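Shown next: input_27.pdb, given as PDB, C-alpha atoms.
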ATOM      1  CA  MET A1011     -13.480 -67.638  79.903
ATOM      2  CA  ARG A1012     -10.265 -68.455  78.003
ATOM      3  CA  SER A1013     -11.553 -71.933  77.176
ATOM      4  CA  HIS A1014     -14.718 -70.325  75.762
ATOM      5  CA  LEU A1015     -12.635 -68.077  73.485
ATOM      6  CA  LEU A1016     -10.436 -70.995  72.440
ATOM      7  CA  LEU A1017     -13.483 -73.053  71.496
ATOM      8  CA  ALA A1018     -14.878 -70.167  69.478
ATOM      9  CA  PHE A1019     -11.531 -69.713  67.720
ATOM     10  CA  LEU A1020     -11.244 -73.395  66.868
ATOM     11  CA  THR A1021     -14.790 -73.557  65.554
ATOM     12  CA  LEU A1022     -14.093 -70.487  63.429
ATOM     13  CA  LEU A1023     -11.093 -72.219  61.862
ATOM     14  CA  PHE A1024     -13.171 -75.348  61.278
ATOM     15  CA  SER A1025     -15.928 -73.344  59.618
ATOM     16  CA  MET A1026     -13.493 -71.606  57.289
ATOM     17  CA  VAL A1027     -12.243 -74.989  56.079
ATOM     18  CA  HIS A1028     -15.363 -77.141  56.240
ATOM     19  CA  GLY A1029     -18.277 -74.707  56.125
ATOM     20  CA  ALA A1030     -20.304 -73.313  59.013
ATOM     21  CA  ASP A1031     -23.224 -74.976  60.735
ATOM     22  CA  ALA A1032     -25.623 -73.681  63.349
ATOM     23  CA  ASP A1033     -23.393 -74.466  66.344
ATOM     24  CA  THR A1034     -20.355 -72.918  64.695
ATOM     25  CA  ASP A1035     -22.199 -69.697  63.893
ATOM     26  CA  ALA A1036     -23.493 -69.460  67.445
ATOM     27  CA  GLN A1037     -20.047 -70.029  68.967
ATOM     28  CA  ARG A1038     -18.490 -67.426  66.696
ATOM     29  CA  ILE A1039     -21.070 -64.780  67.549
ATOM     30  CA  ALA A1040     -20.855 -65.707  71.239
ATOM     31  CA  ALA A1041     -17.149 -64.901  71.203
ATOM     32  CA  ALA A1042     -17.886 -61.509  69.643
ATOM     33  CA  HIS A1043     -20.467 -60.781  72.345
ATOM     34  CA  GLU A1044     -18.405 -62.031  75.274
ATOM     35  CA  GLY A1045     -19.147 -59.797  78.263
ATOM     36  CA  ASP A1046     -21.826 -57.900  76.347
ATOM     37  CA  ARG A1047     -25.302 -57.127  77.663
ATOM     38  CA  PRO A1048     -28.277 -55.575  75.838
ATOM     39  CA  ASP A1049     -28.496 -52.716  78.348
ATOM     40  CA  ALA A1050     -29.892 -49.479  76.967
ATOM     41  CA  THR A1051     -27.732 -46.381  76.704
ATOM     42  CA  PRO A1052     -29.139 -42.888  76.037
ATOM     43  CA  ALA A1053     -28.449 -43.427  72.335
ATOM     44  CA  ALA A1054     -30.833 -46.394  72.359
ATOM     45  CA  ARG A1055     -33.745 -44.033  72.776
ATOM     46  CA  THR A1056     -33.126 -41.958  69.651
ATOM     47  CA  ALA A1057     -36.513 -40.594  68.606
ATOM     48  CA  PRO A1058     -37.877 -41.170  65.094
ATOM     49  CA  SER A1059     -37.603 -38.217  62.714
ATOM     50  CA  VAL A1060     -41.414 -37.894  62.771
ATOM     51  CA  PRO A1061     -44.034 -39.187  65.247
ATOM     52  CA  VAL A1062     -44.885 -42.848  64.759
ATOM     53  CA  THR A1063     -47.369 -45.364  66.089
ATOM     54  CA  GLY A1064     -46.455 -48.880  67.143
ATOM     55  CA  GLU A1065     -48.482 -51.954  67.993
ATOM     56  CA  ASN A1066     -48.100 -55.650  68.558
ATOM     57  CA  VAL A1067     -49.536 -57.609  65.633
ATOM     58  CA  VAL A1068     -50.056 -61.197  64.548
ATOM     59  CA  TYR A1069     -48.486 -61.534  61.115
ATOM     60  CA  GLY A1070     -49.003 -65.244  60.543
ATOM     61  CA  GLU A1071     -49.111 -68.716  62.027
ATOM     62  CA  ALA A1072     -46.653 -71.600  62.137
ATOM     63  CA  ALA A1073     -46.962 -75.056  63.696
ATOM     64  CA  GLY A1074     -50.294 -74.060  65.167
ATOM     65  CA  LYS A1075     -48.843 -71.013  66.931
ATOM     66  CA  LYS A1076     -49.373 -67.367  66.110
ATOM     67  CA  LEU A1077     -46.438 -65.301  64.891
ATOM     68  CA  ASN A1078     -46.333 -62.163  66.996
ATOM     69  CA  GLY A1079     -44.391 -59.111  65.907
ATOM     70  CA  PHE A1080     -44.241 -55.347  66.276
ATOM     71  CA  LEU A1081     -45.492 -52.998  63.543
ATOM     72  CA  ALA A1082     -44.525 -49.324  63.420
ATOM     73  CA  ARG A1083     -45.838 -46.711  60.979
ATOM     74  CA  PRO A1084     -45.650 -42.927  60.688
ATOM     75  CA  ALA A1085     -48.483 -41.421  62.730
ATOM     76  CA  GLY A1086     -51.380 -40.341  60.559
ATOM     77  CA  ALA A1087     -49.971 -41.933  57.398
ATOM     78  CA  LYS A1088     -52.648 -42.521  54.789
ATOM     79  CA  GLY A1089     -52.577 -45.268  52.209
ATOM     80  CA  PRO A1090     -49.988 -47.989  51.598
ATOM     81  CA  LEU A1091     -46.349 -47.456  52.566
ATOM     82  CA  PRO A1092     -43.221 -49.307  51.484
ATOM     83  CA  GLY A1093     -42.672 -52.206  53.863
ATOM     84  CA  LEU A1094     -39.636 -53.337  55.839
ATOM     85  CA  ILE A1095     -39.034 -56.720  57.405
ATOM     86  CA  VAL A1096     -36.943 -55.916  60.494
ATOM     87  CA  ILE A1097     -34.994 -58.906  61.888
ATOM     88  CA  HIS A1098     -33.662 -58.901  65.439
ATOM     89  CA  GLU A1099     -30.175 -59.643  66.709
ATOM     90  CA  TRP A1100     -29.348 -62.803  68.615
ATOM     91  CA  TRP A1101     -30.906 -61.254  71.736
ATOM     92  CA  GLY A1102     -34.413 -61.574  70.284
ATOM     93  CA  LEU A1103     -37.210 -59.085  69.652
ATOM     94  CA  ASN A1104     -36.398 -56.726  72.519
ATOM     95  CA  ASP A1105     -36.967 -53.022  73.168
ATOM     96  CA  ASN A1106     -33.908 -52.049  71.120
ATOM     97  CA  ILE A1107     -35.332 -53.674  67.995
ATOM     98  CA  ARG A1108     -38.738 -52.113  68.619
ATOM     99  CA  ASP A1109     -37.003 -48.744  68.828
ATOM    100  CA  MET A1110     -35.166 -49.466  65.566
ATOM    101  CA  ALA A1111     -38.502 -50.333  63.939
ATOM    102  CA  ARG A1112     -39.876 -47.004  65.169
ATOM    103  CA  ARG A1113     -36.889 -45.112  63.754
ATOM    104  CA  LEU A1114     -37.310 -46.844  60.402
ATOM    105  CA  ALA A1115     -41.040 -46.108  60.420
ATOM    106  CA  GLY A1116     -40.158 -42.462  60.988
ATOM    107  CA  GLU A1117     -38.459 -42.518  57.595
ATOM    108  CA  GLY A1118     -41.748 -43.413  55.909
ATOM    109  CA  TYR A1119     -42.141 -47.188  56.151
ATOM    110  CA  ALA A1120     -44.427 -49.831  57.546
ATOM    111  CA  ALA A1121     -41.732 -51.542  59.611
ATOM    112  CA  LEU A1122     -42.549 -55.042  60.837
ATOM    113  CA  ALA A1123     -40.182 -56.374  63.498
ATOM    114  CA  VAL A1124     -40.474 -60.152  63.306
ATOM    115  CA  ASP A1125     -39.818 -62.700  66.036
ATOM    116  CA  LEU A1126     -37.776 -65.801  65.194
ATOM    117  CA  TYR A1127     -37.562 -66.918  68.835
ATOM    118  CA  GLY A1128     -41.248 -67.480  69.571
ATOM    119  CA  GLY A1129     -41.469 -64.730  72.164
ATOM    120  CA  ALA A1130     -38.237 -65.531  74.039
ATOM    121  CA  VAL A1131     -35.746 -62.724  74.712
ATOM    122  CA  ALA A1132     -32.211 -63.140  76.076
ATOM    123  CA  THR A1133     -30.388 -60.842  78.481
ATOM    124  CA  SER A1134     -27.095 -62.771  78.637
ATOM    125  CA  PRO A1135     -24.781 -64.179  75.936
ATOM    126  CA  ASP A1136     -25.301 -67.760  77.146
ATOM    127  CA  ALA A1137     -29.078 -67.474  76.877
ATOM    128  CA  ALA A1138     -28.805 -65.758  73.490
ATOM    129  CA  MET A1139     -26.549 -68.522  72.174
ATOM    130  CA  GLN A1140     -29.053 -71.191  73.204
ATOM    131  CA  LEU A1141     -31.915 -69.353  71.499
ATOM    132  CA  MET A1142     -29.891 -68.757  68.362
ATOM    133  CA  GLN A1143     -28.739 -72.375  68.131
ATOM    134  CA  ALA A1144     -32.281 -73.672  68.491
ATOM    135  CA  SER A1145     -33.545 -71.282  65.833
ATOM    136  CA  MET A1146     -30.774 -71.974  63.336
ATOM    137  CA  LYS A1147     -31.246 -75.718  63.613
ATOM    138  CA  ASP A1148     -34.782 -75.313  62.268
ATOM    139  CA  GLN A1149     -34.137 -73.326  59.103
ATOM    140  CA  PRO A1150     -37.496 -74.228  57.503
ATOM    141  CA  ALA A1151     -39.352 -72.668  60.456
ATOM    142  CA  GLY A1152     -37.426 -69.434  60.045
ATOM    143  CA  GLU A1153     -38.084 -69.405  56.317
ATOM    144  CA  ALA A1154     -41.808 -69.965  56.848
ATOM    145  CA  ASN A1155     -41.823 -67.153  59.410
ATOM    146  CA  LEU A1156     -40.233 -64.680  57.007
ATOM    147  CA  ARG A1157     -42.421 -65.723  54.092
ATOM    148  CA  GLN A1158     -45.436 -64.855  56.219
ATOM    149  CA  ALA A1159     -43.879 -61.544  57.237
ATOM    150  CA  TYR A1160     -43.538 -60.667  53.555
ATOM    151  CA  ALA A1161     -47.115 -61.772  52.876
ATOM    152  CA  TYR A1162     -48.381 -59.689  55.798
ATOM    153  CA  LEU A1163     -46.714 -56.537  54.479
ATOM    154  CA  THR A1164     -47.930 -57.051  50.917
ATOM    155  CA  THR A1165     -51.476 -58.257  51.630
ATOM    156  CA  GLN A1166     -52.385 -56.680  54.977
ATOM    157  CA  GLN A1167     -50.365 -53.477  54.703
ATOM    158  CA  HIS A1168     -50.520 -53.387  50.879
ATOM    159  CA  ALA A1169     -46.866 -52.403  50.637
ATOM    160  CA  PRO A1170     -45.947 -51.669  47.003
ATOM    161  CA  LYS A1171     -42.301 -52.571  47.730
ATOM    162  CA  VAL A1172     -40.657 -54.504  50.542
ATOM    163  CA  GLY A1173     -37.126 -54.382  51.900
ATOM    164  CA  VAL A1174     -35.418 -56.421  54.591
ATOM    165  CA  ILE A1175     -32.931 -55.324  57.247
ATOM    166  CA  GLY A1176     -31.266 -57.188  60.092
ATOM    167  CA  TRP A1177     -28.401 -57.077  62.565
ATOM    168  CA  CYS A1178     -26.058 -59.844  63.745
ATOM    169  CA  PHE A1179     -28.155 -63.064  63.673
ATOM    170  CA  GLY A1180     -30.746 -60.933  61.852
ATOM    171  CA  GLY A1181     -28.127 -59.699  59.401
ATOM    172  CA  GLY A1182     -27.529 -63.260  58.294
ATOM    173  CA  TRP A1183     -31.264 -63.798  58.040
ATOM    174  CA  SER A1184     -31.584 -60.591  56.013
ATOM    175  CA  LEU A1185     -29.376 -62.111  53.318
ATOM    176  CA  ASN A1186     -31.165 -65.447  53.651
ATOM    177  CA  THR A1187     -34.528 -63.717  53.210
ATOM    178  CA  ALA A1188     -33.240 -62.188  49.994
ATOM    179  CA  ILE A1189     -32.173 -65.654  48.864
ATOM    180  CA  LEU A1190     -35.551 -67.054  49.908
ATOM    181  CA  LEU A1191     -37.469 -64.359  47.981
ATOM    182  CA  PRO A1192     -34.983 -63.350  45.271
ATOM    183  CA  ASP A1193     -37.498 -61.743  42.894
ATOM    184  CA  LYS A1194     -39.799 -60.287  45.574
ATOM    185  CA  VAL A1195     -37.584 -58.406  48.034
ATOM    186  CA  ASP A1196     -36.708 -54.978  46.622
ATOM    187  CA  ALA A1197     -33.770 -54.020  48.864
ATOM    188  CA  THR A1198     -31.579 -55.849  51.379
ATOM    189  CA  VAL A1199     -29.556 -54.337  54.231
ATOM    190  CA  ILE A1200     -27.097 -56.505  56.164
ATOM    191  CA  TYR A1201     -25.509 -55.384  59.412
ATOM    192  CA  TYR A1202     -22.603 -57.732  60.287
ATOM    193  CA  GLY A1203     -24.467 -60.858  59.206
ATOM    194  CA  HIS A1204     -22.825 -64.160  58.315
ATOM    195  CA  PRO A1205     -21.913 -64.273  54.585
ATOM    196  CA  VAL A1206     -23.310 -66.850  52.181
ATOM    197  CA  MET A1207     -20.769 -67.865  49.536
ATOM    198  CA  ASP A1208     -22.789 -70.338  47.461
ATOM    199  CA  ARG A1209     -22.922 -68.864  43.956
ATOM    200  CA  ALA A1210     -25.950 -70.962  43.059
ATOM    201  CA  LYS A1211     -27.886 -69.394  45.947
ATOM    202  CA  LEU A1212     -26.717 -65.861  45.143
ATOM    203  CA  GLN A1213     -27.278 -66.031  41.391
ATOM    204  CA  PRO A1214     -31.089 -65.495  41.454
ATOM    205  CA  LEU A1215     -30.903 -62.286  43.521
ATOM    206  CA  LYS A1216     -32.542 -59.325  41.806
ATOM    207  CA  MET A1217     -32.367 -56.592  44.461
ATOM    208  CA  PRO A1218     -29.561 -54.198  45.435
ATOM    209  CA  ILE A1219     -27.683 -55.133  48.611
ATOM    210  CA  LEU A1220     -26.101 -52.869  51.226
ATOM    211  CA  GLY A1221     -23.844 -54.247  53.946
ATOM    212  CA  PHE A1222     -22.005 -52.948  57.017
ATOM    213  CA  PHE A1223     -19.222 -54.763  58.844
ATOM    214  CA  GLY A1224     -16.595 -54.121  61.504
ATOM    215  CA  GLY A1225     -12.916 -54.382  60.696
ATOM    216  CA  GLN A1226     -12.259 -55.712  64.211
ATOM    217  CA  ASP A1227     -15.109 -58.242  64.107
ATOM    218  CA  GLN A1228     -13.445 -61.588  64.753
ATOM    219  CA  SER A1229     -16.703 -63.450  64.140
ATOM    220  CA  ILE A1230     -16.904 -62.282  60.521
ATOM    221  CA  PRO A1231     -13.395 -61.873  59.059
ATOM    222  CA  VAL A1232     -13.021 -58.994  56.613
ATOM    223  CA  ALA A1233     -11.649 -61.480  54.081
ATOM    224  CA  SER A1234     -14.990 -63.284  54.021
ATOM    225  CA  VAL A1235     -16.824 -59.968  53.604
ATOM    226  CA  ARG A1236     -14.665 -59.057  50.617
ATOM    227  CA  GLU A1237     -15.106 -62.542  49.171
ATOM    228  CA  LEU A1238     -18.887 -62.197  49.320
ATOM    229  CA  GLU A1239     -18.719 -58.726  47.794
ATOM    230  CA  SER A1240     -16.489 -59.976  44.985
ATOM    231  CA  THR A1241     -18.747 -62.964  44.342
ATOM    232  CA  LEU A1242     -21.838 -60.769  44.130
ATOM    233  CA  ARG A1243     -20.095 -58.359  41.757
ATOM    234  CA  SER A1244     -18.915 -61.216  39.558
ATOM    235  CA  LEU A1245     -22.544 -62.319  39.314
ATOM    236  CA  GLY A1246     -23.577 -58.841  38.187
ATOM    237  CA  LYS A1247     -25.362 -57.894  41.413
ATOM    238  CA  ALA A1248     -25.714 -54.349  42.709
ATOM    239  CA  VAL A1249     -23.779 -54.479  45.991
ATOM    240  CA  GLU A1250     -22.265 -51.892  48.321
ATOM    241  CA  PHE A1251     -20.323 -52.988  51.403
ATOM    242  CA  HIS A1252     -18.751 -50.751  54.038
ATOM    243  CA  VAL A1253     -16.161 -51.922  56.553
ATOM    244  CA  TYR A1254     -15.499 -49.682  59.568
ATOM    245  CA  GLU A1255     -11.912 -50.508  60.398
ATOM    246  CA  ASP A1256     -11.998 -49.575  64.089
ATOM    247  CA  ALA A1257     -15.373 -51.161  64.835
ATOM    248  CA  GLY A1258     -16.177 -54.658  66.023
ATOM    249  CA  HIS A1259     -19.279 -56.802  65.941
ATOM    250  CA  ALA A1260     -22.585 -55.132  66.914
ATOM    251  CA  PHE A1261     -21.111 -51.650  66.514
ATOM    252  CA  ALA A1262     -24.532 -50.247  65.550
ATOM    253  CA  ASN A1263     -26.368 -51.565  68.618
ATOM    254  CA  PRO A1264     -26.839 -48.614  71.019
ATOM    255  CA  SER A1265     -27.994 -50.962  73.776
ATOM    256  CA  GLY A1266     -24.759 -52.964  73.813
ATOM    257  CA  THR A1267     -21.195 -52.472  75.007
ATOM    258  CA  ASN A1268     -19.765 -52.748  71.477
ATOM    259  CA  TYR A1269     -21.529 -49.579  70.278
ATOM    260  CA  ARG A1270     -19.472 -47.210  68.126
ATOM    261  CA  PRO A1271     -21.494 -44.012  67.613
ATOM    262  CA  GLU A1272     -19.590 -42.585  64.625
ATOM    263  CA  ALA A1273     -19.718 -45.806  62.631
ATOM    264  CA  ALA A1274     -23.362 -46.339  63.610
ATOM    265  CA  ALA A1275     -24.329 -42.815  62.533
ATOM    266  CA  ASP A1276     -22.625 -43.175  59.160
ATOM    267  CA  ALA A1277     -24.230 -46.587  58.578
ATOM    268  CA  TRP A1278     -27.662 -45.219  59.531
ATOM    269  CA  LYS A1279     -27.423 -42.339  57.051
ATOM    270  CA  ARG A1280     -26.358 -44.697  54.290
ATOM    271  CA  THR A1281     -29.185 -47.079  55.220
ATOM    272  CA  VAL A1282     -31.817 -44.327  55.086
ATOM    273  CA  ASP A1283     -30.562 -43.095  51.703
ATOM    274  CA  PHE A1284     -30.364 -46.612  50.279
ATOM    275  CA  LEU A1285     -33.879 -47.549  51.365
ATOM    276  CA  ALA A1286     -35.345 -44.301  50.053
ATOM    277  CA  LYS A1287     -33.683 -44.813  46.694
ATOM    278  CA  ASN A1288     -34.846 -48.389  46.282
ATOM    279  CA  LEU A1289     -38.199 -48.514  48.061
ATOM    280  CA  LYS A1290     -39.706 -45.075  47.568
ATOM    281  CA  ARG A1291     -38.813 -44.267  43.994
ATOM    282  CA  ALA A1292     -40.682 -45.765  41.074
TER
END
Using the file provided, produce a representation of the structure as structure tokens.
Amino acid sequence: MRSHLLLAFLTLLFSMVHGADADTDAQRIAAAHEGDRPDATPAARTAPSVPVTGENVVYGEAAGKKLNGFLARPAGAKGPLPGLIVIHEWWGLNDNIRDMARRLAGEGYAALAVDLYGGAVATSPDAAMQLMQASMKDQPAGEANLRQAYAYLTTQQHAPKVGVIGWCFGGGWSLNTAILLPDKVDATVIYYGHPVMDRAKLQPLKMPILGFFGGQDQSIPVASVRELESTLRSLGKAVEFHVYEDAGHAFANPSGTNYRPEAAADAWKRTVDFLAKNLKRA
């Protein structure tokens, strides 16, 4: 166990000096999730604010295989709704993420939970790390997946605006989706996702960005969070980051052992307000 933490620490130092790659990111997140399990707590079953419907959908195709996701909408909603691309943590598209999609749908959205693992779901950190490493080493596949998720929401669901939200592995992909679709995504929410510091990649962003991070998260140092925030501000971007000093990584996941209910509740309220402001108003 100590050797695992030492490896994660050394790879973190290497990444800070030389830049992160897929293996480094996976090791860093693995250290943050050491001993964690995606086991549901009562808080994981928080009901949506209004009744919703949910169904498994095919939102595209890649490499000859269908892209299967989970779509949630307010029950009885008529006409197009703002869309949300919902990106899972490193565990995969599990019941917790489906429940999060339902909660988001209850706020008035067509929430599409995508799957970047091709149907695989992890229940242990070791399995999650393997899935995450494999996914991150094929960045073009992930980009194609998220492009099709956006197309599904705009063409099949006729969403007038589309936002993106993700946690952990999905938090990093939330920012990357914004970079991938800089003039199409209308709002971006990042929960403890890996920062991107490349000014050339950040410059084209048009949408407002909201981010949440843990002050005790050793996988994403607060210094790197503040550096990203400062870089975005210097580029004239609308950005709002919140750091919960007593929280660690995955503090908003009610199905994990790192859950911090007060920080999660505050982040949720801010998320709901931010999305309503940027996706529902003309």
Exercise. How many Å lie between atom CA of A:Ala1274 and atom CA of A:Phe1261, rounded to one decimal?
Worked result: 6.5 Å
For this session: Apply the PyMOL selection byres ((chain A and resi 1195) around 9) to the displayed file and report the matching residues as a PyMOL selection string.
Result: chain A and resi 1160+1171-1174+1187-1188+1191-1194+1196-1198+1215-1217
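Using all atoms listed in the file, the protein and nucleic acid residues lying no more than 10 Å from A:Thr1056, apart from those fewer than 5 places from it along its own chain, are Thr1051, Asp1109, Met1110, Arg1112, Arg1113 and Pro1264 of chain A.
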Exercise. What is the distance between atom CA of A:Cys1178 and atom CA of A:Ala1042, in Å to one decimal?
Worked result: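 Atom-to-atom, atom CA of A:Cys1178 to atom CA of A:Ala1042, that is 10.2 Å.
Atom pair atom CA of A:Leu1091 / atom CA of A:Leu1126 has a distance of 23.9 Å (rounded to one decimal).
Proximity of A:Ala1275, A:Ala1159, A:Ala1154, A:Ala1257 to A:Leu1122, computed with only C-alpha atoms, is greatest for A:Ala1159.
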Residues matched by the PyMOL selection byres ((chain A and resi 1129) around 8), written as a PDB file with C-alpha atoms, in the frame of the given file:
ATOM      1  CA  ASN A1078     -46.333 -62.163  66.996  1.00  0.00           C
ATOM      2  CA  GLY A1102     -34.413 -61.574  70.284  1.00  0.00           C
ATOM      3  CA  LEU A1103     -37.210 -59.085  69.652  1.00  0.00           C
ATOM      4  CA  ASP A1125     -39.818 -62.700  66.036  1.00  0.00           C
ATOM      5  CA  LEU A1126     -37.776 -65.801  65.194  1.00  0.00           C
ATOM      6  CA  TYR A1127     -37.562 -66.918  68.835  1.00  0.00           C
ATOM      7  CA  GLY A1128     -41.248 -67.480  69.571  1.00  0.00           C
ATOM      8  CA  ALA A1130     -38.237 -65.531  74.039  1.00  0.00           C
ATOM      9  CA  VAL A1131     -35.746 -62.724  74.712  1.00  0.00           C
TER      10      VAL A1131
END
Exercise. Within 9 Å of (-47.4, -51.8, 62.5), only C-alpha atoms: residues as an MDAnalysis selection string?
Worked result: chainID A and resid 1063:1067 1079:1083 1115 1120:1123 1167
For this session: For the file shown, report as a ChimeraX atom specification the outcome of the PyMOL selection byres ((chain A and resi 1280) around 12) at residue level.
Result: /A:1199-1201,1219-1222,1250-1252,1273-1279,1281-1287
Exercise. A:Pro1061: which residues within 8 Å, counting only C-alpha atoms, same-chain residues fewer than 3 positions away excluded, as a ChimeraX atom specification?
Worked result: /A:1058,1084-1085,1116
Problem set entry | Nearest to A:Gln1143, chosen from A:Val1062, A:Pro1271, A:Arg1047, A:Phe1179, with all atoms listed in the file counted in the distances |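 That would be A:Phe1179, the residue with the smallest distance to A:Gln1143.
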Problem set entry | Surrounding residues of A:Ala1138 excluding itself and chain neighbours under 5 positions, 7 Å, all atoms listed in the file, as a ChimeraX atom specification | /A:1100-1101,1132
Write a file of the just-selected residues containing C-alpha atoms, as a short mmCIF file (atom, residue, chain, number, x, y, z; two decimals), keeping the file's coordinate frame.
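Once everything was written out, this is selection_31.cif:
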data_model
loop_
_atom_site.label_atom_id
_atom_site.label_comp_id
_atom_site.auth_asym_id
_atom_site.auth_seq_id
_atom_site.Cartn_x
_atom_site.Cartn_y
_atom_site.Cartn_z
CA TRP A 1100 -29.35 -62.80 68.61
CA TRP A 1101 -30.91 -61.25 71.74
CA ALA A 1132 -32.21 -63.14 76.08
#
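With all atoms listed in the file as the atoms that count, the residue of A:Pro1205, A:Ala1073, A:Glu1117, A:Val1060 with the shortest distance to A:Pro1150 is A:Ala1073.
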Exercise. Restricting the calculation to only C-alpha atoms, which member of A:His1043, A:Arg1157, A:Arg1209, A:Arg1108 is positioned closest to A:Thr1241?
Worked result: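 Smallest distance to A:Thr1241 is found for A:Arg1209.
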Complete stretch 1088-1110 of chain A with N, CA and C atoms (output as a compact mmCIF listing (two decimals), in the frame of the given file).
# COMPACT_ATOMS: atom_id res chain seq x y z
N LYS A 1088 -51.50 -42.05 55.55
CA LYS A 1088 -52.65 -42.52 54.79
C LYS A 1088 -52.18 -43.37 53.61
N GLY A 1089 -52.89 -44.44 53.37
CA GLY A 1089 -52.58 -45.27 52.21
C GLY A 1089 -51.38 -46.18 52.45
N PRO A 1090 -51.08 -47.02 51.47
CA PRO A 1090 -49.99 -47.99 51.60
C PRO A 1090 -48.63 -47.30 51.68
N LEU A 1091 -47.73 -47.92 52.43
CA LEU A 1091 -46.35 -47.46 52.57
C LEU A 1091 -45.41 -48.58 52.13
N PRO A 1092 -44.20 -48.24 51.69
CA PRO A 1092 -43.22 -49.31 51.48
C PRO A 1092 -43.03 -50.08 52.78
N GLY A 1093 -42.80 -51.37 52.68
CA GLY A 1093 -42.67 -52.21 53.86
C GLY A 1093 -41.23 -52.60 54.15
N LEU A 1094 -40.95 -52.85 55.42
CA LEU A 1094 -39.64 -53.34 55.84
C LEU A 1094 -39.82 -54.52 56.78
N ILE A 1095 -39.15 -55.61 56.47
CA ILE A 1095 -39.03 -56.72 57.40
C ILE A 1095 -37.82 -56.43 58.26
N VAL A 1096 -38.01 -56.29 59.56
CA VAL A 1096 -36.94 -55.92 60.49
C VAL A 1096 -36.61 -57.15 61.34
N ILE A 1097 -35.36 -57.64 61.25
CA ILE A 1097 -34.99 -58.91 61.89
C ILE A 1097 -34.02 -58.66 63.04
N HIS A 1098 -34.39 -59.17 64.21
CA HIS A 1098 -33.66 -58.90 65.44
C HIS A 1098 -32.28 -59.55 65.49
N GLU A 1099 -31.47 -59.05 66.40
CA GLU A 1099 -30.18 -59.64 66.71
C GLU A 1099 -30.36 -60.96 67.46
N TRP A 1100 -29.25 -61.52 67.92
CA TRP A 1100 -29.35 -62.80 68.61
C TRP A 1100 -30.01 -62.68 69.98
N TRP A 1101 -30.22 -61.44 70.46
CA TRP A 1101 -30.91 -61.25 71.74
C TRP A 1101 -32.40 -61.53 71.63
N GLY A 1102 -32.98 -61.40 70.45
CA GLY A 1102 -34.41 -61.57 70.28
C GLY A 1102 -35.11 -60.24 70.03
N LEU A 1103 -36.41 -60.29 69.91
CA LEU A 1103 -37.21 -59.08 69.65
C LEU A 1103 -37.37 -58.32 70.97
N ASN A 1104 -36.39 -57.48 71.26
CA ASN A 1104 -36.40 -56.73 72.52
C ASN A 1104 -36.72 -55.25 72.26
N ASP A 1105 -36.60 -54.44 73.29
CA ASP A 1105 -36.97 -53.02 73.17
C ASP A 1105 -36.07 -52.30 72.18
N ASN A 1106 -34.80 -52.70 72.08
CA ASN A 1106 -33.91 -52.05 71.12
C ASN A 1106 -34.41 -52.23 69.70
N ILE A 1107 -34.85 -53.42 69.36
CA ILE A 1107 -35.33 -53.67 68.00
C ILE A 1107 -36.66 -52.97 67.76
N ARG A 1108 -37.50 -52.90 68.77
CA ARG A 1108 -38.74 -52.11 68.62
C ARG A 1108 -38.41 -50.65 68.35
N ASP A 1109 -37.41 -50.13 69.06
CA ASP A 1109 -37.00 -48.74 68.83
C ASP A 1109 -36.44 -48.56 67.43
N MET A 1110 -35.68 -49.55 66.94
CA MET A 1110 -35.17 -49.47 65.57
C MET A 1110 -36.31 -49.49 64.56
